[in-house]
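Here's start-v4.txt, which has compact mmCIF, C-alpha atoms:
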# COMPACT_ATOMS: atom_id res chain seq x y z
CA MET A 1 -4.56 -20.69 21.66
CA GLN A 2 -3.17 -18.14 19.25
CA GLN A 3 0.05 -17.82 21.27
CA GLU A 4 0.47 -21.60 21.17
CA LYS A 5 0.15 -21.45 17.38
CA ASP A 6 2.93 -18.85 17.23
CA ASN A 7 5.31 -20.92 19.35
CA ILE A 8 4.80 -23.98 17.16
CA SER A 9 5.44 -21.91 14.05
CA GLN A 10 8.77 -20.56 15.23
CA GLN A 11 11.05 -23.51 14.57
CA ASN A 12 14.71 -24.35 15.17
CA THR A 13 17.06 -22.20 13.09
CA GLU A 14 20.30 -24.19 13.53
CA LYS A 15 19.97 -26.10 10.23
CA ILE A 16 19.97 -22.93 8.12
CA THR A 17 23.25 -22.69 6.20
CA GLY A 18 22.94 -19.18 4.71
CA THR A 19 23.56 -15.90 6.53
CA THR A 20 20.64 -13.59 7.32
CA VAL A 21 21.07 -10.08 8.66
CA LEU A 22 19.06 -7.61 10.66
CA ILE A 23 19.10 -4.28 8.81
CA GLU A 24 18.90 -1.19 10.97
CA LYS A 25 18.19 2.08 9.24
CA GLN A 26 18.61 5.53 10.72
CA TYR A 27 16.60 8.51 9.52
CA GLY A 28 18.26 11.89 9.38
CA GLU A 29 15.54 14.31 10.49
CA ASP A 30 14.49 12.75 13.78
CA LYS A 31 17.40 10.27 14.22
CA SER A 32 14.85 7.48 14.67
CA ASN A 33 15.67 3.87 13.83
CA ALA A 34 13.74 1.12 12.06
CA LEU A 35 14.44 -2.54 11.41
CA GLY A 36 14.26 -4.78 8.35
CA ASN A 37 15.81 -7.98 7.05
CA GLY A 38 18.25 -9.13 4.40
CA PHE A 39 20.18 -12.25 3.41
CA PHE A 40 23.36 -13.11 1.52
CA ILE A 41 22.97 -14.21 -2.09
CA GLU A 42 26.68 -13.92 -2.92
CA PRO A 43 29.62 -13.76 -0.48
CA ASP A 44 29.63 -9.93 -0.56
CA LYS A 45 26.03 -9.18 -1.57
CA ILE A 46 22.87 -8.90 0.55
CA ALA A 47 19.34 -8.97 -0.91
CA THR A 48 16.52 -6.97 0.66
CA ASN A 49 13.56 -4.77 -0.33
CA VAL A 50 13.72 -1.25 -1.71
CA HIS A 51 11.14 -0.18 0.88
CA VAL A 52 13.40 -1.47 3.67
CA LEU A 53 16.14 0.94 2.60
CA ALA A 54 14.21 3.91 1.17
CA GLY A 55 14.58 7.14 3.14
CA ALA A 56 17.41 5.92 5.39
CA GLU A 57 20.39 8.19 5.96
CA LYS A 58 22.50 5.37 7.39
CA ILE A 59 22.21 1.57 7.14
CA THR A 60 23.87 -1.13 9.23
CA ALA A 61 23.64 -4.91 8.75
CA LYS A 62 24.30 -7.45 11.50
CA CYS A 63 24.02 -11.22 11.84
CA LEU A 64 22.42 -11.88 15.24
CA GLU A 65 23.70 -15.47 15.48
CA THR A 66 27.40 -14.57 15.12
CA GLU A 67 27.11 -10.89 16.13
CA THR A 68 29.02 -10.03 12.94
CA ALA A 69 28.57 -6.48 11.64
CA TYR A 70 28.83 -5.86 7.90
CA THR A 71 29.99 -2.59 6.35
CA VAL A 72 27.58 -1.43 3.66
CA GLU A 73 29.45 0.05 0.68
CA GLY A 74 26.33 0.95 -1.29
CA ILE A 75 23.71 -0.34 -3.73
CA ILE A 76 25.02 -2.68 -6.44
CA THR A 77 21.70 -3.19 -8.27
CA PHE A 78 17.96 -2.74 -7.70
CA ASP A 79 14.51 -3.17 -9.24
CA ASP A 80 12.17 -0.47 -7.94
CA ILE A 81 9.10 -1.90 -9.70
CA ASN A 82 9.42 -5.28 -7.95
CA ASP A 83 10.76 -3.86 -4.67
CA LEU A 84 14.18 -5.55 -4.83
CA ALA A 85 17.56 -4.13 -3.85
CA VAL A 86 21.03 -5.66 -3.48
CA LEU A 87 23.63 -4.23 -1.08
CA LYS A 88 27.39 -4.53 -1.58
CA VAL A 89 29.24 -5.15 1.71
CA THR A 90 32.93 -5.27 2.63
CA GLU A 91 32.88 -8.41 4.79
CA GLU A 92 31.71 -11.81 3.53
CA GLY A 93 28.82 -14.03 4.57
CA THR A 94 27.45 -17.41 3.52
CA PRO A 95 25.07 -17.12 0.54
CA PHE A 96 21.81 -19.05 0.42
CA PRO A 97 21.33 -21.43 -2.52
CA PHE A 98 18.65 -20.39 -5.02
CA GLY A 99 15.65 -22.54 -5.86
CA ASN A 100 13.53 -22.27 -9.01
CA SER A 101 10.46 -20.17 -8.21
CA LYS A 102 8.76 -21.44 -11.37
CA LYS A 103 8.50 -24.87 -9.74
CA VAL A 104 6.60 -23.54 -6.72
CA HIS A 105 2.96 -24.65 -6.58
CA LYS A 106 -0.08 -23.96 -4.45
CA GLY A 107 0.01 -26.06 -1.29
CA ASN A 108 3.81 -26.36 -1.11
CA GLN A 109 5.30 -26.23 2.39
CA VAL A 110 7.67 -23.29 2.84
CA SER A 111 9.30 -21.37 5.67
CA LEU A 112 10.19 -17.79 6.39
CA PHE A 113 13.57 -17.22 8.06
CA GLY A 114 14.11 -13.78 9.50
CA HIS A 115 14.42 -11.44 12.44
CA ARG A 116 11.68 -9.62 14.27
CA LYS A 117 12.19 -7.51 17.39
CA ASN A 118 15.83 -8.68 17.62
CA LYS A 119 14.80 -12.33 17.66
CA THR A 120 15.56 -14.88 14.93
CA ASN A 121 12.57 -16.97 13.87
CA ARG A 122 11.81 -19.71 11.41
CA VAL A 123 8.12 -19.55 10.60
CA GLU A 124 6.38 -22.35 8.71
CA GLY A 125 3.83 -21.60 6.00
CA THR A 126 1.92 -22.91 3.00
CA VAL A 127 1.77 -21.45 -0.51
CA HIS A 128 -1.70 -19.97 -0.90
CA SER A 129 -1.51 -18.70 -4.50
CA ILE A 130 0.83 -17.50 -7.23
CA ARG A 131 -0.06 -14.17 -8.82
CA ASN A 132 0.99 -11.56 -11.35
CA SER A 133 2.26 -14.13 -13.85
CA GLY A 134 4.48 -15.82 -11.27
CA LYS A 135 6.05 -12.66 -9.87
CA HIS A 136 4.34 -12.86 -6.49
CA ILE A 137 3.89 -15.91 -4.26
CA VAL A 138 1.28 -15.49 -1.52
CA VAL A 139 1.92 -17.57 1.60
CA GLU A 140 -0.24 -18.33 4.64
CA PHE A 141 1.60 -18.16 7.98
CA ASN A 142 0.16 -19.22 11.35
CA ILE A 143 1.37 -16.17 13.25
CA THR A 144 -0.40 -13.18 14.74
CA ASP A 145 1.59 -10.54 12.81
CA ALA A 146 3.99 -10.74 9.85
CA GLN A 147 5.05 -7.09 9.94
CA GLY A 148 8.80 -6.64 10.40
CA TYR A 149 9.86 -9.59 8.26
CA SER A 150 10.32 -7.59 5.03
CA GLY A 151 13.50 -8.64 3.22
CA SER A 152 13.54 -12.14 4.74
CA PRO A 153 14.12 -15.20 2.51
CA LEU A 154 11.29 -17.64 1.82
CA LEU A 155 12.71 -21.16 1.71
CA ASN A 156 11.46 -24.45 0.24
CA THR A 157 11.89 -27.79 2.02
CA LYS A 158 15.51 -27.96 0.72
CA ASP A 159 16.26 -24.58 2.35
CA GLU A 160 16.64 -22.96 -1.07
CA VAL A 161 15.48 -19.38 -1.57
CA ILE A 162 12.34 -19.34 -3.70
CA ALA A 163 11.16 -15.81 -2.83
CA ILE A 164 11.77 -12.74 -0.69
CA ILE A 165 9.17 -11.37 1.74
CA CYS A 166 7.86 -7.92 0.75
CA SER A 167 4.66 -7.40 2.74
CA GLY A 168 2.45 -8.84 5.42
CA GLY A 169 0.04 -7.67 8.08
CA PRO A 170 -2.33 -8.66 10.84
CA PRO A 171 -5.18 -11.09 10.06
CA VAL A 172 -8.54 -9.62 9.15
CA ASP A 173 -10.35 -11.75 11.75
CA GLU A 174 -9.06 -13.27 14.96
CA GLY A 175 -7.79 -16.81 14.45
CA GLU A 176 -7.20 -16.38 10.71
CA SER A 177 -3.81 -16.99 9.10
CA ILE A 178 -1.55 -14.17 7.96
CA LYS A 179 -1.17 -13.88 4.21
CA GLY A 180 2.28 -12.59 3.30
CA THR A 181 3.23 -11.50 -0.22
CA THR A 182 6.65 -12.49 -1.56
CA ILE A 183 8.67 -11.70 -4.70
CA ALA A 184 9.77 -14.71 -6.76
CA SER A 185 13.47 -15.59 -6.52
CA ASN A 186 13.85 -15.84 -10.31
CA LEU A 187 13.37 -12.07 -10.50
CA LEU A 188 16.21 -11.68 -8.00
CA LYS A 189 18.44 -14.06 -9.98
CA ASN A 190 17.80 -12.06 -13.15
CA LEU A 191 18.70 -8.88 -11.29
CA LEU A 192 22.08 -10.35 -10.29
CA ASN A 193 22.94 -10.81 -13.97
CA GLU A 194 23.07 -7.03 -14.33
CA THR A 195 26.56 -5.64 -13.77
CA ASN A 196 26.48 -2.22 -12.13
CA GLU A 197 28.96 -0.07 -10.27
CA VAL A 198 28.40 0.42 -6.56
CA GLU A 199 26.21 3.48 -5.99
CA SER A 200 26.45 5.34 -2.70
CA LEU A 201 23.41 5.17 -0.46
CA ASP A 202 23.10 8.96 -0.50
CA ALA A 203 23.03 9.15 -4.32
CA TRP A 204 20.61 6.21 -4.57
CA GLN A 205 18.20 7.76 -2.07
CA LYS A 206 17.95 10.89 -4.25
CA ARG A 207 16.62 8.95 -7.23
CA PRO A 208 13.00 10.07 -7.89
CA ARG A 209 11.76 6.49 -8.19
CA ILE A 210 13.20 5.68 -4.76
CA GLN A 211 11.78 8.88 -3.28
CA ALA A 212 8.37 7.56 -4.36
CA TYR A 213 8.70 4.84 -1.70
CA VAL A 214 9.37 7.53 0.91
CA LYS A 215 6.27 9.48 -0.14
CA SER A 216 4.19 6.30 -0.05
CA TYR A 217 5.31 5.61 3.51
CA GLU A 218 4.52 9.21 4.50
CA ALA A 219 1.05 8.69 3.03
CA TYR A 220 0.64 5.55 5.15
CA LEU A 221 1.59 7.48 8.30
CA SER A 222 -0.82 10.31 7.43
CA ARG A 223 -3.66 7.87 6.99
CA GLU A 224 -2.80 6.15 10.28
CA HIS A 225 -3.24 9.54 11.95
CA GLY A 226 -6.59 10.07 10.23
CA ASP A 227 -5.41 12.73 7.76
CA THR A 228 -6.69 11.33 4.48
CA LYS A 229 -6.27 14.63 2.65
CA GLU A 230 -2.54 14.64 3.38
CA ALA A 231 -2.31 10.92 2.57
CA ILE A 232 -3.86 11.47 -0.87
CA ALA A 233 -1.41 14.31 -1.54
CA ARG A 234 1.56 12.10 -0.62
CA TYR A 235 0.27 9.23 -2.80
CA ASP A 236 -0.07 11.73 -5.66
CA ASP A 237 3.57 12.72 -5.09
CA ALA A 238 4.60 9.06 -5.18
CA ILE A 239 2.75 8.47 -8.46
CA ARG A 240 4.41 11.49 -10.06
CA LEU A 241 7.84 10.23 -8.97
CA ASN A 242 7.23 6.60 -9.94
CA PRO A 243 4.05 5.80 -11.91
CA ASP A 244 4.84 2.06 -11.99
CA LEU A 245 4.14 1.16 -8.34
CA ALA A 246 0.89 -0.80 -8.26
CA ASN A 247 0.62 -0.70 -4.46
CA VAL A 248 0.45 3.10 -4.50
CA TYR A 249 -2.61 3.03 -6.76
CA THR A 250 -4.16 0.28 -4.63
CA ASN A 251 -3.66 2.25 -1.41
CA ARG A 252 -4.94 5.45 -2.98
CA ALA A 253 -7.99 3.54 -4.24
CA SER A 254 -8.61 2.30 -0.68
CA ILE A 255 -8.73 5.89 0.59
CA MET A 256 -11.08 6.94 -2.20
CA PHE A 257 -13.40 4.07 -1.31
CA SER A 258 -13.40 5.11 2.36
CA ILE A 259 -14.46 8.68 1.52
CA GLU A 260 -17.04 7.49 -1.03
CA LYS A 261 -15.31 8.87 -4.13
CA ARG A 262 -16.14 5.82 -6.20
CA ASP A 263 -15.16 7.28 -9.57
CA GLU A 264 -11.55 7.81 -8.43
CA TYR A 265 -11.61 4.45 -6.66
CA PHE A 266 -12.35 2.68 -9.93
CA LEU A 267 -9.72 4.64 -11.87
CA ASN A 268 -6.98 3.87 -9.31
CA THR A 269 -7.96 0.22 -9.07
CA LEU A 270 -7.83 -0.07 -12.85
CA SER A 271 -4.34 1.46 -12.85
CA ALA A 272 -3.20 -1.08 -10.26
CA TYR A 273 -4.69 -3.96 -12.27
CA LYS A 274 -2.90 -2.83 -15.42
CA LEU A 275 0.42 -2.93 -13.58
CA GLN A 276 -0.31 -6.37 -12.09
CA ARG A 277 -1.84 -7.99 -15.12
CA GLU A 278 -1.92 -11.76 -15.49
CA ARG A 279 -0.53 -13.04 -18.76
CA PHE A 280 -2.24 -15.87 -20.58
CA SER A 281 -1.03 -19.30 -19.47
CA LEU A 282 -2.65 -22.72 -19.73
CA LYS A 283 -1.04 -23.60 -16.42
CA ARG A 284 -2.78 -20.71 -14.66
CA PHE A 285 -5.73 -20.21 -16.97
CA GLY A 286 -8.18 -19.94 -14.05
CA LEU A 287 -6.20 -17.10 -12.49
CA PHE A 288 -5.86 -15.36 -15.87
CA PHE A 289 -9.60 -15.71 -16.52
CA SER A 290 -10.58 -14.37 -13.07
CA TRP A 291 -8.21 -11.40 -13.54
CA GLN A 292 -9.77 -10.67 -16.94
CA LEU A 293 -13.28 -10.79 -15.47
CA ARG A 294 -12.39 -8.40 -12.62
CA TYR A 295 -10.65 -6.01 -14.98
CA ILE A 296 -13.55 -6.02 -17.48
CA ARG A 297 -16.08 -5.46 -14.68
CA LEU A 298 -14.12 -2.50 -13.28
CA PHE A 299 -13.63 -1.08 -16.77
CA LEU A 300 -17.35 -1.30 -17.58
CA VAL A 301 -18.43 0.27 -14.26
CA SER A 302 -15.92 3.10 -14.67
CA GLY A 303 -17.00 3.67 -18.27
CA PHE A 304 -20.67 3.65 -17.28
CA GLN A 305 -20.02 6.31 -14.64
CA ASN A 306 -18.28 8.53 -17.17
CA PHE A 307 -21.18 8.03 -19.59
CA LEU A 308 -23.71 9.05 -16.93
CA LYS A 309 -21.62 12.08 -16.02
CA LYS A 310 -21.66 13.30 -19.62
CA LEU A 311 -25.34 12.42 -20.05
CA VAL A 312 -26.70 14.32 -17.03
CA GLY A 313 -24.15 17.13 -17.09
CA GLU A 314 -21.38 18.05 -14.68
CA SER A 315 -23.59 20.15 -12.40
CA THR A 316 -26.24 17.45 -11.91
CA TRP A 317 -23.57 14.79 -11.46
CA PHE A 318 -21.82 16.92 -8.82
CA GLU A 319 -25.08 17.37 -6.93
CA THR A 320 -25.99 13.70 -7.12
CA GLN A 321 -22.56 12.57 -5.91
CA ALA A 322 -22.71 14.99 -2.96
CA GLN A 323 -26.16 13.74 -1.94
CA VAL A 324 -25.09 10.09 -2.17
CA ARG A 325 -22.06 10.74 -0.01
CA PHE A 326 -24.14 12.64 2.57
CA ARG A 327 -26.48 9.66 2.91
CA LEU A 328 -23.60 7.21 3.21
CA ALA A 329 -22.05 9.46 5.85
CA LYS A 330 -25.32 9.43 7.78
CA ARG A 331 -25.31 5.62 7.68
CA ARG A 332 -21.75 5.58 9.03
CA ILE A 333 -22.72 7.93 11.85
CA ALA A 334 -25.35 5.38 12.87
CA ASN A 335 -22.60 2.73 12.91
CA GLY A 336 -20.34 4.90 15.05
CA GLU A 337 -17.68 5.37 12.33
CA ILE A 338 -17.03 8.98 13.31
CA SER A 339 -13.50 9.38 11.89
CA ASP A 340 -14.62 8.04 8.50
CA VAL A 341 -17.56 10.47 8.50
CA LEU A 342 -15.27 13.43 9.14
CA ASN A 343 -13.04 12.36 6.25
CA ILE A 344 -16.06 12.10 3.95
CA TYR A 345 -17.16 15.62 4.89
CA GLN A 346 -13.63 16.93 4.40
CA ALA A 347 -13.65 15.43 0.88
CA ILE A 348 -17.02 17.04 0.11
CA ILE A 349 -15.79 20.39 1.44
CA ASP A 350 -12.67 20.09 -0.72
CA ASP A 351 -14.83 19.43 -3.77
CA PHE A 352 -16.97 22.50 -3.11
CA THR A 353 -13.84 24.57 -2.44
CA GLU A 354 -12.36 23.48 -5.75
CA VAL A 355 -15.52 24.62 -7.53
CA ILE A 356 -15.30 27.99 -5.80
CA ASP A 357 -11.61 28.46 -6.56
CA HIS A 358 -11.51 27.29 -10.16
CA LYS A 359 -14.89 28.11 -11.71
CA SER A 360 -16.13 31.38 -13.10
CA ILE A 361 -19.03 33.18 -11.42
CA GLU A 362 -21.43 31.89 -14.08
CA GLU A 363 -20.27 28.30 -13.57
CA LYS A 364 -20.44 28.62 -9.78
CA ARG A 365 -24.12 29.49 -10.02
CA LYS A 366 -24.74 26.06 -11.56
CA TYR A 367 -23.63 24.50 -8.29
CA LEU A 368 -25.62 26.79 -6.00
CA TYR A 369 -28.62 24.46 -6.05
CA ALA A 370 -26.44 21.54 -4.99
CA ALA A 371 -24.90 23.64 -2.22
CA LYS A 372 -28.30 24.69 -0.88
CA ASN A 373 -29.60 21.12 -0.90
CA SER A 374 -26.47 19.83 0.79
CA TYR A 375 -26.15 22.60 3.38
CA GLN A 376 -28.93 21.73 5.81
CA GLU A 377 -28.18 18.01 5.63
CA ALA A 378 -24.50 18.71 6.31
CA ILE A 379 -25.29 20.76 9.41
CA THR A 380 -27.75 18.15 10.71
CA ASN A 381 -25.37 15.23 10.22
CA LEU A 382 -22.35 17.02 11.61
CA SER A 383 -24.40 18.09 14.63
CA GLU A 384 -25.09 14.39 15.19
CA VAL A 385 -21.34 13.73 15.12
CA ILE A 386 -20.77 16.51 17.66
CA LYS A 387 -23.52 15.07 19.87
CA GLN A 388 -21.82 11.64 19.87
CA LYS A 389 -18.28 13.02 20.22
CA PRO A 390 -18.68 16.45 21.91
CA LYS A 391 -14.92 16.93 22.42
CA ARG A 392 -13.96 16.50 18.78
CA ALA A 393 -12.86 19.94 17.62
CA ALA A 394 -12.76 18.67 14.03
CA SER A 395 -16.54 18.23 14.06
CA TYR A 396 -17.07 21.90 14.92
CA TYR A 397 -14.49 22.85 12.32
CA HIS A 398 -16.21 20.92 9.54
CA ARG A 399 -19.61 22.31 10.50
CA GLY A 400 -18.13 25.79 10.38
CA MET A 401 -16.58 25.06 7.00
CA ALA A 402 -19.92 23.85 5.68
CA LYS A 403 -21.49 27.13 6.76
CA TYR A 404 -18.62 29.14 5.34
CA ILE A 405 -18.72 27.41 1.98
CA PHE A 406 -22.47 27.83 1.77
CA GLY A 407 -21.94 31.52 2.43
CA GLU A 408 -19.35 31.65 -0.36
CA PHE A 409 -21.87 30.18 -2.77
CA GLU A 410 -24.56 32.61 -1.65
CA SER A 411 -22.27 35.57 -2.26
Mind turning this structure into structure tokens?
Amino acid sequence: MQQEKDNISQQNTEKITGTTVLIEKQYGEDKSNALGNGFFIEPDKIATNVHVLAGAEKITAKCLETETAYTVEGIITFDDINDLAVLKVTEEGTPFPFGNSKKVHKGNQVSLFGHRKNKTNRVEGTVHSIRNSGKHIVVEFNITDAQGYSGSPLLNTKDEVIAIICSGGPPVDEGESIKGTTIASNLLKNLLNETNEVESLDAWQKRPRIQAYVKSYEAYLSREHGDTKEAIARYDDAIRLNPDLANVYTNRASIMFSIEKRDEYFLNTLSAYKLQRERFSLKRFGLFFSWQLRYIRLFLVSGFQNFLKKLVGESTWFETQAQVRFRLAKRRIANGEISDVLNIYQAIIDDFTEVIDHKSIEEKRKYLYAAKNSYQEAITNLSEVIKQKPKRAASYYHRGMAKYIFGEFES
């Protein structure tokens, strides 16, 4: 049934008048390739996403319908905050007409036109919501996976570009629609008004704010491999390089939630909300009001946590947080979420290690009680992990670390 839905969604592409391209990017270190999308907005300019280009040593653009290859001269303009980039090419293509993204409303019928796995598709969708004061248009697509369509144009019923695809993923539950996030075309039109000289790809890639996209992708890969510690470090690098990327804070918050570090989860979520604030508008008052409520709730919870921390003292707070996380880890063991449990223990170990490394002997003694209380529970819970997954070397490692750290506190 799901496959039938996909086939119906992928419509005839002959009526499209603009030129779309498949962007192939080659990475220097391992010579691996990746694919993205782009489309002509002027005869010699191709629009795409920053994240499609970031980190690539070489970029090629090709129209699959005509098999025309376009020579990329460099970057003519970009907006790293909104994930937009415009390439200057030597050969010419047919530009898409622009629509007015301000006239897009919830429920409008739209279509994505792009390439995935070397196949050109037109995928029908419906506008689900408009967010971040009109910057982002969220669309529901009846397909099994929207990944790979980044940089594709989103068209209205007149085949005018009203947005550019920037993210999408698999549905949360089987049978549900994909929700893809797009960047409003008016932002792209405003970007074209800026007159810049062509910047070489090599020079552009070295910009710190572009390198932040590379670090964010490295963090994603680390998390996919179960290394949350490395993922957090890479997200921290991305934030230092470009503190204006809301998605980085959101993704970092997601990791903090998974390892039960709720205080950092709230702080990162608040940072993301500040960067994606909804401005007051009578037209979207409901969305503005709901954003305000969520922001106020997060702010109050975060503030209350800080108040409690100061009230009970750092040592007691540290102990309480460790005990809460141990109990949540035990609950996850019962649910079979072994990898999450190991990441929680790694986070607890890191916290104890930080205390050992950065506190004076007198201050370390304050945490000895917490370490003693946590020690036996850590060994018991990790032994349960080992019993369920006897071949997981990481379980033995973490149990050994728990013993080692306890010994450090004792000494």
Quiz item: What does the distance from atom CA of Ile23 of chain A to atom CA of Glu65 of chain A come to in Å, to one decimal?
Solution: 13.8 Å
Quiz item: Expressed in Å to a single decimal, how great is the separation between atom CA of Met256 of chain A and atom CA of Arg240 of chain A?
Solution: 18.0 Å
Exercise. Would you mind reading off the distance between atom CA of Glu67 of chain A and atom CA of Thr94 of chain A, one decimal, in Å?
Key: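 Computed distance, atom CA of Glu67 of chain A to atom CA of Thr94 of chain A, equals 14.2 Å.
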Exercise. May I have the residues within 7 Å of Asn108 of chain A as a list of chain:residue names, using all atoms listed in the file and disregarding those fewer than 2 positions away in the same chain?
Key: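 In the requested format, the answer is A:Val104, A:His105, A:Lys106, A:Val110, A:Thr126, A:Val127.
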Give me, as CSV, each residue of segment 92-210 of chain A that comes within 9 Å of segment 31-48 of chain A, together with its shortest interatomic pair and the distance in Å at one decimal, counting only C-alpha atoms, with rows ordered by chain and rising residue number.
residue,atom,partner,partner_atom,distance
A:Glu92,CA,A:Pro43,CA,4.9
A:Gly93,CA,A:Pro43,CA,5.1
A:Thr94,CA,A:Pro43,CA,5.8
A:Pro95,CA,A:Ile41,CA,4.4
A:Phe96,CA,A:Ile41,CA,5.6
A:Pro97,CA,A:Ile41,CA,7.4
A:Phe98,CA,A:Ile41,CA,8.1
A:Gly114,CA,A:Asn37,CA,6.5
A:His115,CA,A:Asn37,CA,6.6
A:Arg116,CA,A:Gly36,CA,8.1
A:Lys117,CA,A:Leu35,CA,8.1
A:Asn118,CA,A:Leu35,CA,8.8
A:Gly148,CA,A:Gly36,CA,6.1
A:Tyr149,CA,A:Asn37,CA,6.3
A:Ser150,CA,A:Asn37,CA,5.9
A:Gly151,CA,A:Thr48,CA,4.3
A:Ser152,CA,A:Asn37,CA,5.3
A:Pro153,CA,A:Phe39,CA,6.8
A:Ile164,CA,A:Thr48,CA,7.6
A:Ile165,CA,A:Thr48,CA,8.6
A:Cys166,CA,A:Thr48,CA,8.7
A:Leu188,CA,A:Ala47,CA,8.2
Quiz prompt | Surrounding residues of Lys330 of chain A excluding itself and chain neighbours under 3 positions, 8 Å, only C-alpha atoms, as a VMD selection string | solution = chain A and resid 326 to 327 333 to 334 341 381
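These residues, each with an atom at most 9 Å from (17.9, -21.8, 0.8) using all atoms listed in the file, are Ile16, Thr17, Gly18, Pro95, Phe96, Pro97, Phe98, Gly99, Pro153, Leu154, Leu155, Asn156, Thr157, Lys158, Asp159, Glu160, Val161 and Ile162 of chain A.
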Preceding selection exported with C-alpha atoms as an mmCIF file, in the coordinates of the input:
data_model
loop_
_atom_site.group_PDB
_atom_site.id
_atom_site.type_symbol
_atom_site.label_atom_id
_atom_site.label_comp_id
_atom_site.auth_asym_id
_atom_site.auth_seq_id
_atom_site.Cartn_x
_atom_site.Cartn_y
_atom_site.Cartn_z
ATOM 1 C CA ILE A 16 19.970 -22.930 8.120
ATOM 2 C CA THR A 17 23.250 -22.690 6.200
ATOM 3 C CA GLY A 18 22.940 -19.180 4.710
ATOM 4 C CA PRO A 95 25.070 -17.120 0.540
ATOM 5 C CA PHE A 96 21.810 -19.050 0.420
ATOM 6 C CA PRO A 97 21.330 -21.430 -2.520
ATOM 7 C CA PHE A 98 18.650 -20.390 -5.020
ATOM 8 C CA GLY A 99 15.650 -22.540 -5.860
ATOM 9 C CA PRO A 153 14.120 -15.200 2.510
ATOM 10 C CA LEU A 154 11.290 -17.640 1.820
ATOM 11 C CA LEU A 155 12.710 -21.160 1.710
ATOM 12 C CA ASN A 156 11.460 -24.450 0.240
ATOM 13 C CA THR A 157 11.890 -27.790 2.020
ATOM 14 C CA LYS A 158 15.510 -27.960 0.720
ATOM 15 C CA ASP A 159 16.260 -24.580 2.350
ATOM 16 C CA GLU A 160 16.640 -22.960 -1.070
ATOM 17 C CA VAL A 161 15.480 -19.380 -1.570
ATOM 18 C CA ILE A 162 12.340 -19.340 -3.700
#
Quiz prompt | Nearest residue to Ala184 of chain A from the set A:Asn306, A:Asn82, A:Gln276, A:Ser258 (distances using only C-alpha atoms) | solution =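 Between A:Asn306, A:Asn82, A:Gln276, A:Ser258, the residue approaching Ala184 of chain A most closely is A:Asn82.
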Exercise. Identify, on the basis of only C-alpha atoms, every residue whose closest approach to segment 289-303 of chain A does not exceed 12 Å; exclude the query and any residue fewer than 6 positions from it along the same chain; express the result as a ChimeraX atom specification.
Key: /A:131-133,262-283,309-310
Quiz prompt | Proximity to Arg252 of chain A - best of A:Ala347, A:Ile232, A:Ala238, A:Val139, all atoms listed in the file | solution =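 Result for the nearest residue to Arg252 of chain A: A:Ile232.
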Quiz prompt | Who sits within 9 Å of Ala54 of chain A, all atoms listed in the file, same chain under 4 positions skipped, as a ChimeraX atom specification | solution = /A:49-50,204-205,210-214
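Comparing A:Glu197, A:Asp340, A:Glu124, A:Asp202 by their smallest distance to Ile178 of chain A, the closest is A:Glu124 (using only C-alpha atoms).
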Practice problem: Find the residues around His398 of chain A up to 12 Å (all atoms listed in the file counted), leave out those fewer than 3 positions away in its own chain, and share them as a PyMOL selection string. | Solution: chain A and resi 341-350+375+378-383+385-386+392-395+401-405
N, CA and C atoms modelled onto segment 94-103 of chain A, as a short mmCIF file (atom, residue, chain, number, x, y, z; two decimals), in the coordinates of the input:
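What follows is the written file out27.cif:
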data_model
loop_
_atom_site.label_atom_id
_atom_site.label_comp_id
_atom_site.auth_asym_id
_atom_site.auth_seq_id
_atom_site.Cartn_x
_atom_site.Cartn_y
_atom_site.Cartn_z
N THR A 94 27.77 -16.17 4.24
CA THR A 94 27.45 -17.41 3.52
C THR A 94 26.18 -17.23 2.70
N PRO A 95 26.28 -17.33 1.37
CA PRO A 95 25.07 -17.12 0.54
C PRO A 95 24.11 -18.31 0.61
N PHE A 96 22.83 -18.01 0.51
CA PHE A 96 21.81 -19.05 0.42
C PHE A 96 21.79 -19.61 -1.00
N PRO A 97 21.51 -20.89 -1.16
CA PRO A 97 21.33 -21.43 -2.52
C PRO A 97 19.97 -20.99 -3.07
N PHE A 98 19.90 -20.77 -4.37
CA PHE A 98 18.65 -20.39 -5.02
C PHE A 98 17.86 -21.63 -5.44
N GLY A 99 16.54 -21.55 -5.28
CA GLY A 99 15.65 -22.54 -5.86
C GLY A 99 14.98 -21.94 -7.09
N ASN A 100 14.23 -22.73 -7.81
CA ASN A 100 13.53 -22.27 -9.01
C ASN A 100 12.10 -21.90 -8.63
N SER A 101 11.80 -20.61 -8.62
CA SER A 101 10.46 -20.17 -8.21
C SER A 101 9.37 -20.61 -9.18
N LYS A 102 9.75 -20.96 -10.41
CA LYS A 102 8.76 -21.44 -11.37
C LYS A 102 8.21 -22.81 -10.99
N LYS A 103 8.93 -23.53 -10.14
CA LYS A 103 8.50 -24.87 -9.74
C LYS A 103 7.69 -24.85 -8.45
#
